[in-house]
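Trainee: I am sharing data_39.txt, which consists of compact mmCIF, C-alpha atoms:
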# COMPACT_ATOMS: atom_id res chain seq x y z
CA MET A 1 91.13 104.83 96.30
CA ASN A 2 91.64 104.76 92.57
CA LYS A 3 93.66 101.74 91.47
CA ARG A 4 95.20 103.55 88.53
CA SER A 5 97.13 105.94 90.76
CA PHE A 6 100.93 106.02 90.49
CA VAL A 7 102.38 106.98 93.84
CA SER A 8 105.44 104.81 94.35
CA ILE A 9 107.72 103.03 91.89
CA THR A 10 106.74 99.75 93.58
CA ASP A 11 103.15 100.32 92.34
CA TYR A 12 104.40 99.21 88.91
CA SER A 13 105.27 95.59 88.13
CA LYS A 14 108.14 94.81 85.75
CA GLU A 15 105.62 94.17 82.96
CA LYS A 16 103.86 97.43 83.65
CA MET A 17 107.14 99.35 83.54
CA LEU A 18 108.05 97.82 80.19
CA LYS A 19 104.58 98.58 78.83
CA ILE A 20 104.85 102.23 79.89
CA LEU A 21 108.31 102.49 78.31
CA ASP A 22 106.94 101.09 75.03
CA TYR A 23 104.17 103.67 75.06
CA ALA A 24 106.67 106.42 75.87
CA ALA A 25 108.58 105.48 72.72
CA GLU A 26 105.34 105.80 70.72
CA PHE A 27 104.70 109.22 72.21
CA GLU A 28 108.22 110.27 71.33
CA ALA A 29 107.63 109.23 67.72
CA ASN A 30 104.36 111.15 67.67
CA PRO A 31 104.01 113.46 70.67
CA ASN A 32 101.14 115.66 69.48
CA ARG A 33 97.78 113.94 69.76
CA ASP A 34 94.27 114.57 71.05
CA THR A 35 94.14 111.65 73.46
CA LEU A 36 93.29 113.99 76.36
CA ALA A 37 90.67 116.04 74.51
CA ASN A 38 87.90 116.99 76.99
CA LYS A 39 90.07 115.92 79.93
CA VAL A 40 91.01 118.27 82.75
CA VAL A 41 94.17 117.55 84.72
CA ALA A 42 94.85 119.33 88.02
CA THR A 43 98.52 120.01 88.75
CA LEU A 44 98.65 120.74 92.48
CA PHE A 45 102.12 121.95 93.41
CA PHE A 46 102.18 122.57 97.14
CA GLU A 47 105.85 123.41 96.79
CA PRO A 48 107.45 124.99 93.74
CA SER A 49 109.14 122.75 91.18
CA THR A 50 109.26 124.55 87.88
CA ARG A 51 110.99 121.78 85.96
CA THR A 52 108.59 119.00 86.95
CA LYS A 53 105.52 121.20 86.53
CA LEU A 54 106.54 122.33 83.04
CA SER A 55 107.27 118.75 82.03
CA PHE A 56 103.85 117.52 83.17
CA GLU A 57 102.01 120.46 81.64
CA THR A 58 103.86 120.03 78.34
CA ALA A 59 102.85 116.36 78.33
CA ILE A 60 99.20 117.28 78.99
CA ASN A 61 99.11 120.14 76.46
CA ARG A 62 100.66 118.05 73.69
CA LEU A 63 97.87 115.51 74.20
CA GLY A 64 95.17 118.16 73.96
CA GLY A 65 94.20 118.17 77.65
CA LYS A 66 93.37 121.17 79.81
CA VAL A 67 95.32 122.06 82.93
CA ILE A 68 94.10 123.64 86.15
CA GLY A 69 96.16 124.05 89.30
CA PHE A 70 98.65 126.09 91.22
CA SER A 71 102.41 126.21 91.59
CA ASP A 72 102.73 127.45 95.14
CA ALA A 73 100.60 126.56 98.16
CA SER A 74 100.82 130.12 99.52
CA THR A 75 98.24 131.19 96.93
CA THR A 76 95.75 128.50 97.99
CA SER A 77 93.41 127.78 100.89
CA SER A 78 96.05 125.58 102.51
CA SER A 79 97.62 128.85 103.63
CA LYS A 80 94.29 129.50 105.39
CA GLY A 81 94.65 126.15 107.14
CA GLU A 82 92.59 123.97 104.81
CA SER A 83 93.54 120.32 105.18
CA LEU A 84 95.12 118.42 102.31
CA LYS A 85 92.14 116.08 102.36
CA ASP A 86 89.65 118.91 101.80
CA THR A 87 91.72 120.36 98.94
CA ILE A 88 91.99 116.96 97.25
CA VAL A 89 88.29 116.11 97.67
CA MET A 90 87.34 119.51 96.29
CA VAL A 91 89.65 119.20 93.27
CA SER A 92 88.36 115.65 92.64
CA ASN A 93 85.03 117.28 91.80
CA TYR A 94 86.59 119.32 89.02
CA ALA A 95 89.31 117.29 87.36
CA ASP A 96 89.81 113.84 85.81
CA LEU A 97 93.32 113.36 87.19
CA ILE A 98 95.46 114.91 89.91
CA VAL A 99 99.21 115.45 89.66
CA ILE A 100 100.50 116.33 93.12
CA ARG A 101 103.79 117.69 94.42
CA HIS A 102 103.95 118.10 98.19
CA PRO A 103 106.71 118.86 100.73
CA LEU A 104 105.51 116.16 103.16
CA ASP A 105 106.47 112.48 102.85
CA GLY A 106 103.46 110.28 102.15
CA ALA A 107 101.19 113.15 101.04
CA ALA A 108 100.65 111.61 97.60
CA ARG A 109 99.64 108.20 99.01
CA TYR A 110 97.18 109.94 101.32
CA ALA A 111 95.82 112.04 98.44
CA SER A 112 95.34 108.88 96.35
CA GLU A 113 93.25 107.40 99.18
CA VAL A 114 90.92 110.35 99.64
CA ALA A 115 90.49 111.14 95.93
CA ASP A 116 88.08 109.18 93.75
CA ILE A 117 90.10 110.04 90.64
CA PRO A 118 93.63 108.78 89.89
CA VAL A 119 96.59 110.56 91.47
CA ILE A 120 100.12 110.79 90.07
CA ASN A 121 102.91 111.58 92.53
CA ALA A 122 105.19 114.34 91.25
CA GLY A 123 107.34 114.18 94.38
CA ASP A 124 106.35 113.82 98.04
CA GLY A 125 109.03 115.31 100.27
CA SER A 126 112.07 113.07 100.38
CA ASN A 127 110.05 109.93 99.73
CA GLN A 128 109.19 109.16 96.09
CA HIS A 129 109.28 110.75 92.66
CA PRO A 130 108.25 107.79 90.50
CA THR A 131 107.79 109.61 87.19
CA GLN A 132 111.45 110.68 87.46
CA THR A 133 112.36 107.02 87.78
CA MET A 134 110.31 106.12 84.71
CA LEU A 135 112.05 108.79 82.64
CA ASP A 136 115.40 107.53 83.97
CA LEU A 137 114.48 104.01 82.87
CA TYR A 138 113.32 105.31 79.51
CA SER A 139 116.63 107.16 79.05
CA ILE A 140 118.63 104.08 80.01
CA LYS A 141 116.67 101.82 77.67
CA LYS A 142 116.89 104.31 74.85
CA THR A 143 120.64 104.83 75.14
CA GLN A 144 121.63 101.23 75.89
CA GLY A 145 118.99 99.41 73.83
CA THR A 146 118.12 97.28 76.87
CA LEU A 147 117.63 97.45 80.61
CA GLU A 148 119.16 94.02 81.23
CA ASN A 149 122.62 93.29 82.69
CA LEU A 150 123.87 96.87 82.88
CA ASN A 151 126.60 98.37 85.06
CA ILE A 152 125.06 101.33 86.84
CA VAL A 153 127.39 103.66 88.73
CA MET A 154 125.62 105.97 91.18
CA VAL A 155 127.56 108.97 92.44
CA GLY A 156 127.03 111.63 95.09
CA ASP A 157 124.33 111.81 97.73
CA LEU A 158 123.20 108.21 97.93
CA LYS A 159 121.84 108.59 101.45
CA TYR A 160 119.08 111.15 100.95
CA GLY A 161 118.76 111.03 97.15
CA ARG A 162 115.29 109.62 96.50
CA THR A 163 115.98 109.29 92.76
CA VAL A 164 118.82 106.81 93.30
CA HIS A 165 116.75 104.76 95.73
CA SER A 166 113.80 104.51 93.35
CA LEU A 167 116.08 103.79 90.40
CA LEU A 168 117.74 101.01 92.38
CA MET A 169 114.35 99.44 93.14
CA ALA A 170 113.21 99.74 89.53
CA MET A 171 116.46 98.39 88.04
CA SER A 172 116.35 95.41 90.42
CA HIS A 173 114.04 93.69 87.90
CA PHE A 174 116.77 93.70 85.25
CA ASN A 175 119.83 92.02 86.78
CA PRO A 176 122.03 95.10 87.16
CA SER A 177 125.44 95.53 88.81
CA PHE A 178 125.75 98.63 90.94
CA THR A 179 128.69 100.72 92.05
CA PHE A 180 127.87 103.19 94.81
CA ILE A 181 130.31 106.10 95.00
CA ALA A 182 129.66 108.43 97.91
CA PRO A 183 131.40 110.17 100.82
CA ASP A 184 131.06 108.45 104.20
CA GLU A 185 128.33 110.83 105.33
CA LEU A 186 126.17 110.10 102.30
CA LYS A 187 126.60 106.37 101.73
CA MET A 188 123.81 104.16 100.38
CA PRO A 189 121.61 103.23 103.38
CA ASP A 190 121.85 99.67 104.69
CA GLU A 191 118.25 98.85 103.84
CA TYR A 192 118.97 99.28 100.11
CA LYS A 193 122.16 97.24 100.33
CA GLN A 194 120.19 94.59 102.17
CA PHE A 195 117.59 94.76 99.39
CA CYS A 196 120.33 94.13 96.79
CA TYR A 197 121.72 91.29 98.83
CA GLU A 198 118.30 89.60 99.10
CA LYS A 199 117.69 90.01 95.37
CA GLY A 200 121.15 88.64 94.52
CA ILE A 201 122.20 91.93 92.93
CA LYS A 202 125.94 92.60 92.78
CA TYR A 203 127.11 95.91 94.21
CA HIS A 204 130.24 97.46 95.59
CA GLU A 205 131.04 100.72 97.27
CA GLU A 206 133.75 103.27 96.62
CA SER A 207 134.57 106.58 98.19
CA GLU A 208 136.19 108.20 95.17
CA LEU A 209 135.02 108.88 91.66
CA LYS A 210 137.85 107.36 89.62
CA ASP A 211 137.47 104.00 87.88
CA ILE A 212 134.34 104.25 85.76
CA SER A 213 135.68 102.37 82.72
CA ASN A 214 133.10 99.58 83.04
CA ALA A 215 130.10 101.81 83.52
CA ASP A 216 127.14 101.72 81.13
CA ILE A 217 125.35 104.46 83.03
CA LEU A 218 126.95 107.08 85.26
CA TYR A 219 124.13 108.43 87.40
CA MET A 220 125.29 111.67 89.03
CA THR A 221 123.49 113.40 91.90
CA ARG A 222 124.01 116.63 93.72
CA VAL A 223 125.99 116.65 96.97
CA GLN A 224 124.16 119.26 98.99
CA LYS A 225 126.04 121.38 101.49
CA GLU A 226 123.13 121.37 103.94
CA ARG A 227 123.38 117.57 104.31
CA PHE A 228 126.72 117.86 106.13
CA GLN A 229 126.89 118.37 109.88
CA ASP A 230 130.52 119.36 109.58
CA ILE A 231 131.14 121.96 106.90
CA ILE A 232 134.84 121.03 106.73
CA GLU A 233 133.81 117.55 105.59
CA TYR A 234 131.78 119.12 102.81
CA GLU A 235 134.71 121.23 101.64
CA LYS A 236 136.86 118.08 101.57
CA VAL A 237 134.49 116.07 99.39
CA LYS A 238 132.81 118.61 97.16
CA ASN A 239 135.47 118.50 94.47
CA ILE A 240 136.09 114.76 94.62
CA TYR A 241 132.59 114.25 93.27
CA THR A 242 132.83 116.65 90.39
CA LEU A 243 132.79 114.99 86.99
CA ARG A 244 135.12 116.56 84.41
CA ASN A 245 135.35 115.93 80.71
CA LYS A 246 138.80 114.30 80.83
CA MET A 247 137.47 111.69 83.30
CA LEU A 248 135.29 110.33 80.48
CA ASP A 249 138.31 109.48 78.29
CA ASN A 250 138.59 105.80 79.14
CA THR A 251 134.91 105.04 79.42
CA LYS A 252 132.81 102.83 77.15
CA PRO A 253 131.72 104.57 73.93
CA THR A 254 128.09 103.73 74.72
CA MET A 255 128.31 105.02 78.30
CA ARG A 256 125.96 107.91 79.12
CA VAL A 257 125.96 110.40 81.99
CA LEU A 258 122.57 110.94 83.62
CA HIS A 259 121.56 113.48 86.24
CA PRO A 260 118.05 114.25 87.57
CA LEU A 261 118.87 118.01 87.45
CA PRO A 262 119.25 120.71 88.60
CA ARG A 263 123.00 120.33 88.31
CA VAL A 264 125.18 122.67 90.33
CA ASN A 265 128.90 121.89 90.33
CA GLU A 266 128.96 118.09 90.38
CA ILE A 267 129.22 118.04 86.57
CA ASP A 268 131.65 120.54 85.12
CA THR A 269 130.21 122.47 82.18
CA ASP A 270 133.08 121.12 80.03
CA VAL A 271 131.21 117.79 80.02
CA ASP A 272 128.12 119.30 78.37
CA ALA A 273 129.53 119.15 74.84
CA ASN A 274 130.61 115.51 75.19
CA GLU A 275 128.26 113.12 73.39
CA LYS A 276 128.21 111.03 76.56
CA ALA A 277 126.45 113.85 78.40
CA TYR A 278 122.79 112.88 78.30
CA TYR A 279 121.16 114.89 81.13
CA PHE A 280 119.39 117.48 79.01
CA LYS A 281 117.99 114.86 76.63
CA GLN A 282 117.02 112.89 79.72
CA ALA A 283 114.84 115.82 80.83
CA LYS A 284 113.22 115.91 77.38
CA ASN A 285 112.40 112.21 77.70
CA GLY A 286 110.42 113.13 80.81
CA VAL A 287 107.63 114.54 78.66
CA PHE A 288 107.16 111.26 76.75
CA ALA A 289 107.37 109.11 79.88
CA ARG A 290 104.78 111.34 81.56
CA GLN A 291 102.49 111.21 78.52
CA ALA A 292 102.47 107.43 78.84
CA ILE A 293 101.96 107.52 82.62
CA ILE A 294 99.08 110.03 82.37
CA CYS A 295 97.28 108.06 79.65
CA ASP A 296 97.70 104.87 81.64
CA ALA A 297 96.33 106.51 84.81
CA LEU A 298 93.26 107.62 82.86
CA GLY A 299 92.81 104.18 81.33
CA LEU A 300 93.31 105.53 77.82
CA ILE A 301 96.02 103.08 76.71
CA MET B 1 94.09 77.90 141.87
CA LEU B 2 97.03 78.35 144.14
CA ASP B 3 100.46 77.68 142.85
CA LYS B 4 102.47 77.03 145.99
CA LYS B 5 105.86 76.97 144.34
CA LYS B 6 105.67 80.48 142.89
CA GLY B 7 103.61 81.95 145.72
CA LEU B 8 100.61 83.90 144.62
CA VAL B 9 101.22 87.63 144.70
CA VAL B 10 98.24 88.63 142.61
CA VAL B 11 94.92 87.05 143.38
CA ALA B 12 93.58 84.38 141.03
CA ILE B 13 90.48 85.06 138.96
CA GLU B 14 87.51 82.84 138.26
CA ASN B 15 86.88 83.79 134.64
CA GLY B 16 88.69 86.12 132.32
CA THR B 17 92.05 86.89 130.77
CA VAL B 18 95.51 87.03 132.25
CA ILE B 19 98.29 88.75 130.37
CA ASP B 20 101.57 87.56 131.84
CA GLN B 21 105.30 88.08 131.25
CA ILE B 22 104.94 91.75 130.32
CA PRO B 23 108.22 93.70 130.59
CA PRO B 24 107.73 96.07 133.59
CA ASP B 25 108.49 99.21 131.59
CA LYS B 26 105.77 98.26 129.08
CA LEU B 27 103.02 97.37 131.53
CA PHE B 28 101.18 100.68 131.54
CA LYS B 29 101.56 100.99 127.76
CA VAL B 30 99.73 97.67 127.49
CA VAL B 31 97.00 99.02 129.79
CA SER B 32 96.62 102.04 127.56
CA ILE B 33 96.74 100.20 124.20
CA LEU B 34 94.02 97.79 125.31
CA ASN B 35 92.00 100.73 126.70
CA LEU B 36 91.70 98.93 130.02
CA ASP B 37 91.07 102.25 131.74
CA THR B 38 87.68 102.42 130.04
CA LEU B 39 86.49 98.97 131.18
CA ASP B 40 84.26 98.66 134.22
CA CYS B 41 85.13 95.04 134.99
CA GLN B 42 87.47 94.03 137.81
CA ILE B 43 91.10 94.45 136.80
CA THR B 44 94.19 93.58 138.80
CA VAL B 45 97.49 95.04 137.71
CA GLY B 46 100.81 93.94 139.18
CA ASN B 47 104.23 95.18 138.26
CA ASN B 48 107.87 94.44 139.06
CA LEU B 49 106.91 90.97 140.22
CA LYS B 50 109.55 88.28 140.31
CA SER B 51 109.76 86.21 137.15
CA ASN B 52 111.93 83.18 136.60
CA LYS B 53 111.94 83.90 132.89
CA ILE B 54 112.55 87.61 132.55
CA GLY B 55 113.74 88.76 136.01
CA THR B 56 110.83 91.04 136.79
CA LYS B 57 107.52 91.21 135.02
CA GLY B 58 104.17 92.84 134.89
CA ILE B 59 100.88 90.99 134.93
CA ILE B 60 97.30 92.04 134.22
CA LYS B 61 94.23 90.05 135.20
CA ILE B 62 90.93 91.07 133.72
CA THR B 63 87.84 89.43 135.19
CA GLY B 64 85.01 88.33 132.93
CA LYS B 65 86.56 89.63 129.74
CA TYR B 66 87.96 87.85 126.69
CA PHE B 67 89.73 89.59 123.83
CA GLU B 68 89.63 89.04 120.09
CA PRO B 69 93.08 88.06 118.78
CA SER B 70 93.06 91.19 116.59
CA VAL B 71 92.71 93.31 119.72
CA ILE B 72 95.26 91.49 121.83
CA ASN B 73 97.79 91.43 118.98
CA LYS B 74 97.99 95.20 119.23
CA ILE B 75 100.41 94.76 122.12
CA ALA B 76 102.73 92.63 120.00
CA LEU B 77 104.88 95.62 119.13
CA ILE B 78 105.83 96.43 122.70
CA ALA B 79 105.47 93.09 124.43
CA PRO B 80 105.94 90.40 121.77
CA ASN B 81 106.85 87.79 124.38
CA ALA B 82 103.90 88.34 126.67
CA LYS B 83 101.74 85.31 127.37
CA LEU B 84 98.00 85.17 127.30
CA ASN B 85 96.04 82.85 129.57
CA ILE B 86 92.32 82.32 129.15
CA ILE B 87 90.77 81.41 132.48
CA LYS B 88 87.50 79.58 133.11
CA ASP B 89 86.53 78.29 136.57
CA TYR B 90 89.99 79.16 137.91
CA GLN B 91 91.57 76.92 135.27
CA VAL B 92 93.78 77.95 132.43
CA ILE B 93 91.84 76.56 129.48
CA GLU B 94 94.00 78.08 126.79
CA LYS B 95 97.49 79.57 126.57
CA ARG B 96 98.24 81.82 123.68
CA ASN B 97 101.30 83.61 122.41
CA ILE B 98 101.06 87.08 121.01
CA ASP B 99 101.19 87.12 117.21
CA ILE B 100 102.49 90.12 115.38
CA PRO B 101 99.86 91.16 112.84
CA ASP B 102 100.70 91.94 109.18
CA GLU B 103 99.36 95.45 109.50
CA ILE B 104 99.19 97.84 112.42
CA ASN B 105 96.36 100.31 112.25
CA ASN B 106 96.49 103.57 114.19
CA ILE B 107 98.43 102.32 117.21
CA ILE B 108 101.88 103.72 116.57
CA ARG B 109 103.07 107.07 115.42
CA CYS B 110 105.47 107.51 112.51
CA ALA B 111 108.97 108.43 113.67
CA ASN B 112 109.42 110.69 110.65
CA PRO B 113 108.37 114.23 111.60
CA LYS B 114 107.89 115.07 107.92
CA CYS B 115 105.41 112.22 107.42
CA ILE B 116 101.92 113.33 106.39
CA THR B 117 100.48 111.36 109.34
CA ASN B 118 102.27 113.72 111.77
CA ASN B 119 100.97 116.80 109.98
CA GLU B 120 97.37 116.04 109.01
CA PRO B 121 94.66 114.15 110.89
CA VAL B 122 95.46 110.83 109.17
CA GLU B 123 95.10 107.41 110.83
CA THR B 124 98.50 105.73 110.76
CA LEU B 125 99.05 102.41 109.03
CA PHE B 126 102.18 100.29 109.17
CA HIS B 127 103.12 97.14 107.31
CA VAL B 128 105.14 94.65 109.33
CA ILE B 129 108.15 93.79 107.16
CA ASP B 130 110.11 91.72 109.68
CA LYS B 131 108.16 89.88 112.37
CA GLU B 132 111.20 88.37 114.05
CA ASN B 133 112.98 91.66 114.67
CA VAL B 134 109.74 93.69 114.79
CA LYS B 135 110.41 96.05 111.92
CA VAL B 136 107.59 98.07 110.39
CA LYS B 137 107.22 100.31 107.38
CA CYS B 138 104.99 103.36 107.22
CA HIS B 139 102.28 102.94 104.58
CA TYR B 140 102.51 106.66 103.77
CA CYS B 141 106.11 107.89 103.93
CA GLU B 142 107.54 104.37 103.36
CA ARG B 143 110.13 104.81 106.11
CA SER B 144 111.19 101.65 107.95
CA ILE B 145 111.14 101.79 111.73
CA SER B 146 112.83 99.26 114.00
CA GLN B 147 111.43 98.18 117.35
CA GLU B 148 113.53 100.51 119.48
CA SER B 149 112.27 103.55 117.53
CA ILE B 150 108.59 102.65 117.68
CA ILE B 151 106.51 105.36 119.33
CA MET B 152 103.00 104.62 120.55
CA LYS B 153 100.25 107.07 119.67
Any chance you could give the structure as structure tokens?
Mentor:
Amino acid sequence: MNKRSFVSITDYSKEKMLKILDYAAEFEANPNRDTLANKVVATLFFEPSTRTKLSFETAINRLGGKVIGFSDASTTSSSKGESLKDTIVMVSNYADLIVIRHPLDGAARYASEVADIPVINAGDGSNQHPTQTMLDLYSIKKTQGTLENLNIVMVGDLKYGRTVHSLLMAMSHFNPSFTFIAPDELKMPDEYKQFCYEKGIKYHEESELKDISNADILYMTRVQKERFQDIIEYEKVKNIYTLRNKMLDNTKPTMRVLHPLPRVNEIDTDVDANEKAYYFKQAKNGVFARQAIICDALGLI
Amino acid sequence: MLDKKKGLVVVAIENGTVIDQIPPDKLFKVVSILNLDTLDCQITVGNNLKSNKIGTKGIIKITGKYFEPSVINKIALIAPNAKLNIIKDYQVIEKRNIDIPDEINNIIRCANPKCITNNEPVETLFHVIDKENVKVKCHYCERSISQESIIMK
């Protein structure tokens, strides 16, 4: 296994996170470089994710690296029954770094163990998507000037949403206060509340999106219809969790709205023009965060 | 050695290992985890015997065989309160409790059907995150599994 792999947000210490964020800021100031000249990066997308793939490939291209890979497993030998291990070992012969997206939980950890080159997890099923977390942290630090002592309000699907779980773990280094706003069916799982309790992190839970006047960051997520066993329950809650422009009236001037995207109807389009809407810039930050993560994985910074 | 008070249901052994206080519904799991079916030494298995401590119990006596702690600790997940007696010349020379190891390699199956270990030929690995309540976390999919959901391979 290559020690420079980045599979889970817990692979990074607090110091490492801060170092990556500093480098991301440098890449933002000067994104076009030749740091990856003569490097080949394999982007192996066993399930489609256009947004994440474009972000990674932009990061690689702006650093002068070459990209090989695929965006859909149906065009590869895995559709012929080739094991993940064989695919990874084979690609390890060709590339300097693997970026993997896979529908199965734990696939990236396994890939990092069978590959002799570093592996970056670009999403393994419902488990982890650590580069998303790093770009979330970068966006928070950039908009708030700090990561310390912030009020983070998480809204929507807090049960299955891997981005909120990873963000919670990452923010736990920085003395946050959390508000979890979710319908009963999609509440923050006990193990994360227990984690907060053990770390001495303040949190409280609400079932309605109303008082957000103290929030520094409003982290919205999509409430997916298919998560509900009872469709009537979904119809009841779907509008309660929609953010509208007028709801931002009494919020802090420095407050920013984040969303991992794609957004469906949980943020009304009338929010987009508000300066507090940050989700598209957040996606742009993903390129800089990934530039830093890639260079770190290759030992270049 | 005859213990008159309890009454000896299963015959005593001269040398070897006795695993006692096994919950009856776990007895044959223990047999399978320790691969006792592949040993050619003399093995006595008793189940649903009367126990003052746990009502009924299972017991396994293996003649002429001693186990490494790392091997015997494999049963910790299903029978954490079992007792191990090392016998020499019909005497119990050592009593050991079962210790839950920090890591569990390829003994249990991940409860998450979408875990890579249930879809590719991967050896499972679990980190024990709570020894008291026997809670483990899959090394791959990072899901926590509590004792009642643990499935043996």
Trainee: Dump as a PyMOL selection string the residues of chain A that approach chain B to within 12 Å, counting all atoms listed in the file.
Mentor: chain A and resi 7-10+78+81-86+102-114+123-128+162+165-166+189-192
Trainee: Enter the distance from CA of Asp216 (chain A) to CA of Arg290 (chain A), in Å, rounded to one decimal.
Mentor: 24.3 Å
Trainee: If I take CA of Leu158 (chain A) and CA of Arg263 (chain A), how far is one from the other in Å, to one decimal?
Mentor: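 That distance, rounded to one decimal, is 15.5 Å.
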Trainee: What is the CA of Asn133 (chain B) to CA of Ile59 (chain B) distance in Å?
Mentor: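 Distance reported for this atom pair: 23.6 Å.
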Trainee: Would you please work out which residue, of A:Ala59, A:Tyr23, A:Phe280, A:Asp270, is nearest to Leu36 (chain A) when using all atoms listed in the file?
Mentor: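 Of A:Ala59, A:Tyr23, A:Phe280, A:Asp270, the one nearest Leu36 (chain A), counting all atoms listed in the file, is A:Ala59.
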Trainee: In terms of the shortest atom-to-atom distance over all atoms listed in the file, which of A:Asn30, A:Thr221, A:Asn250, A:Ser13 is closest to Asn265 (chain A)?
Mentor: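 Closest residue, counting all atoms listed in the file: A:Thr221.
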Trainee: Looking at A:Asp249, A:Asp230, A:Asp22, A:Glu198, which one is nearest to Ser213 (chain A), with distances taken over all atoms listed in the file?
Mentor: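 Using all atoms listed in the file, the shortest distance to Ser213 (chain A) belongs to A:Asp249.
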